[in-house]
There are 2 protein chains.
Amino acid sequence: VATSKSQVSIVKHQLGDVDISVEPCRRDTFPAIALSAAYLKDVKHMSEDEKMIVCPIDPYVDSDYFRALADLDACSSSAITLLGIKPTYPSEKYGYILPETDENIGCGNKNDSVAPQTVSGQTLWKVKSFKEKPSEALAQEYIRQGALWNSGVFAVSIGYVLEKAHQTLDFSDYYDLYEHYHEMPKISFDYAVVEKEPDIQMLTFDGMWKDLGTWNTLTEAMTSEVKGKAILDETCENVHVINETDRPILCMGLKDVIVSASAEGILVSEKGRSSHMKPYVERFHEPLRYAEKSWGSYRVIDETKNSLTIKITLKAGHGMNYHSHEYRNETWTVLSGNGRSIVDDMEQPIRTGDVITIQAGCRHKLVADTELHVIEVQLGEEISVHDKRKYDE
Amino acid sequence: VATSKSQVSIVKHQLGDVDISVEPCRRDTFPAIALSAAYLKDVKHMSEDEKMIVCPIDPYVDSDYFRALADLDACSSSAITLLGIKPTYPSEKYGYILPETDENIGCGNKNDSVAPQTVSGQTLWKVKSFKEKPSEALAQEYIRQGALWNSGVFAVSIGYVLEKAHQTLDFSDYYDLYEHYHEMPKISFDYAVVEKEPDIQMLTFDGMWKDLGTWNTLTEAMTSEVKGKAILDETCENVHVINETDRPILCMGLKDVIVSASAEGILVSEKGRSSHMKPYVERFHEPLRYAEKSWGSYRVIDETKNSLTIKITLKAGHGMNYHSHEYRNETWTVLSGNGRSIVDDMEQPIRTGDVITIQAGCRHKLVADTELHVIEVQLGEEISVHDKRKYDE
């Protein structure tokens with residue numbers, strides 16, 4: 001998984017112990033893919049001839065898609081092999097890939113056991129050109145010419161990516177690239193590499209694939225209008241609600257609207273507009289109110305000038321880092337579960353109903369034997385995520 | 001103030017120590033007004049000749065309105081004198097009162113110092129008939145005939161109301177009526193009394209009056225589109241947001257919509273539909289998550305199967321009732337303020353950061369010297385508002 005530092009905890013929480021190539025700062029997809037390639041070679045010791053398949057994390061798919069990824073690996077004989085999605089309608093939201101239609105090149109891989117017919121009945125095309133988000137009429141014409149949607153999924157060899165990266169920045173290995181990552185240009189892989197490469201193939205995929213990159217496209221994959229506690233009155237049309245809070249939502253007389261509520265905030269948007277939310281959300285400057293960590297999760301449930309109350313969930317068998325705070329006291333009240341508290345090296349068993357107070361300066365941590373739910377009240381003149389010192393045990 | 005038992009705490013919290021006629025069970029406006037009349041006579045020892053003015057609590061008004069109430073008292077010489085609102089447009093939402101237009105009866109009160117011209121330049125009309133929520137065309141015609149909106153405000157003598165009440169139920173005084181209140185019919189004052197009374201006057205009021213009975217009409221009285229933390233994008237038209245939570249709301253591409261968010265729930269409604277919310281809200285069966293009490297307020301911030309975490313605000317100089325719970329333990333963590341905790345008759349001073357644990361069965365209360373903010377964690381097999389025993393101190 002290639003991701004930024006801020007996503008590492010949530011990735012571990014959701015996937016467990018997986019390999020993560022952490023971007024030390026935000027660049028664009030070309031540096032991120034280059035770093036991943038170096039990670040695979042130098043940390044995972046893979047050959048430069050091995051294929052890596054790059055895929056965005058937000059499509060809604062089934063197992064056919066993952067079989068297609070294996071086909072992509074087995075099939076590809078060009079520098080880059082793309083997975084093209086068979087269009088279901090002339091969408092204006094996607095990029096289109098036009099094939100050389102008079103030049104069906106077949107499955108040219110070296111492994112004879114994967115014959116063309118095993119590639120889920122799909123054929124491999126040579127790519128002629130790329131077209132970004134066209135009008136509906138133009139999209140219709142492209143589809144007539146055999147164009148496919150660009151899924152952003154492609155197979156490429158580790159060596160090929162590293163060669164392109166070395167043309168941009170001089171580095172010896174993964175650790176060196178990581179060190180100098182901030183010197184890489186902010187540029188996408190499409191722009192830096194794909195657009196300049198004449199030797200590109202495309203494999204057709206016509207199984208289920210839905211881009212969940214916007215709230216609107218997410219609703220297209222929902223099997224019911226409502227997720228969570230909500231009621232739509234009978235005058236609502238094409239309304240979807242995703243409610244992650246425990247308070248109810250009532251929608252009346254709405255049309256083509258998405259409502260999404262979480263601990264972080266509430267979105268109410270006409271569906272078409274929902275893809276434009278980013279600049280508005282950035283204006284809120286809200287502190288994080290919910291976070292998933294490798295050991296569990298926490299949620300802010302109350303905040304005042306000199307206090308913060310959070311609810312902590314610790315997964316069975318996990319523990320917090322051993323740490324202390326300089327400027328705040330804390331109180332834990334155990335709502336449920338069994339485990340141990342360690343305060344200034346003294347370990348004590350804890351269970352439902354126990355109350356533990358931690359003075360500023362004390363080292364402390366919680367360990368869960370069964371799943372632990374704890375209310376933590378933080379009290380101090382200055383409450384900040386930066387007021388934290390970690391210790392080895 | 002005439003209200004139900006469930007509203008007494010919130011009325012005292014907002015208005016302080018006021019006279020309240022508490023309806024022991026839910027009837028309709030005729031029984032409630034009758035009980036108030038008996039309360040004024042037998043508890044407040046007022047004469048039956050005194051006028052009482054009945055007014056709903058939800059119009060948005062300024063001080064001209066309250067001067068009109070005094071005029072109404074001074075002016076009225078009929079059995080019932082209504083305050084009619086001069087229509088500003090042919091609304092389909094209101095009832096209309098038609099006057100006897102050839103019969104301007106002037107200000108017929110006995111107090112010469114209140115001459116017609118002092119009644120804010122308004123005149124007193126004899127009422128011909130009532131019309132409920134007409135079409136716009138019909139409303140236009142009524143307005144041409146001099147009709148006024150029915151505000152639900154009227155002056156009537158205490159004795160007149162008691163006479164009508166005695167025709168319905170035999171009772172000796174307020175205490176007796178209170179005792180037999182459940183025997184009163186569920187019937188509105190309009191239906192039981194006004195529609196049968198031939199002698200009705202109406203005073204015109206053309207100052208500010210806005211009915212805030214629906215979210216839609218409430219937005220008409222708002223001076224800005226947003227109250228609380230919210231952003232409307234530039235494609236929103238005629239959208240109002242009332243956000244009482246601390247999480248932000250983003251609205252995009254909406255038209256004619258009201259969004260209201262509180263600890264109790266979230267409403268997203270086309271403005272015209274918002275008056276129809278009652279039957280939908282009743283389907284939620286939500287427990288109360290916020291309540292104002294005479295001593296302050298509380299808000300539920302977390303809930304699990306065997307726990308409830310609430311944030312309590314105690315007003316300076318106020319204290320809780322002395323009470324105990326049979327089935328739950330509680331923990332108080334003081335977020336800010338000074339006061340005293342009393343647990344099993346032992347009083348101790350408390351301040352920011354103190355933690356007090358109360359075992360099931362212990363009598364306990366908090367008293368605030370300055371405003372107190374406390375996180376209370378309730379833990380037990382069964383957590384219910386009914387698990388409460390009160391004690392005298």
# chains A, B, ... in the order shown; residues from 1 in each chain; ligands from 1
call {"tool": "interface_residues", "arguments": {"of": "chain B", "to": "chain A", "cutoff": "7 Å", "atoms": "only C-alpha atoms", "output": "PyMOL selection string"}}
result
chain B and resi 247-254+264-270+273+301+307+335+353+379
call {"tool": "residues_around", "arguments": {"residues": "Ala368 in chain B", "least_positions_apart": "3", "cutoff": "9 Å", "atoms": "only C-alpha atoms", "output": "ChimeraX atom specification"}}
result
/B:314-319,337-341,371-372
call {"tool": "residues_around", "arguments": {"residues": "Lys186 in chain A", "least_positions_apart": "4", "cutoff": "8 Å", "atoms": "only C-alpha atoms", "output": "JSON, numbers by chain"}}
result
{"A": [27, 28, 30, 31]}
call {"tool": "atom_distance", "arguments": {"atom1": "CA of Ser275 in chain A", "atom2": "CA of Asn216 in chain A"}}
result
7.4 Å
call {"tool": "closest_residue", "arguments": {"among": "B:Gln348, B:Ser4, B:Ser151, B:Ser77", "to": "Asp58 in chain B", "atoms": "only C-alpha atoms"}}
result
B:Ser151
call {"tool": "atom_distance", "arguments": {"atom1": "CA of Lys227 in chain B", "atom2": "CA of Val241 in chain B"}}
result
6.1 Å
call {"tool": "select_by_dssp", "arguments": {"residues": "range 119-216 of chain A", "states": "strand (DSSP E or B)", "output": "PyMOL selection string"}}
result
chain A and resi 124-131+148-157+200-205+209-211
call {"tool": "atom_distance", "arguments": {"atom1": "CA of Ala79 in chain B", "atom2": "CA of Ile57 in chain B"}}
result
22.9 Å
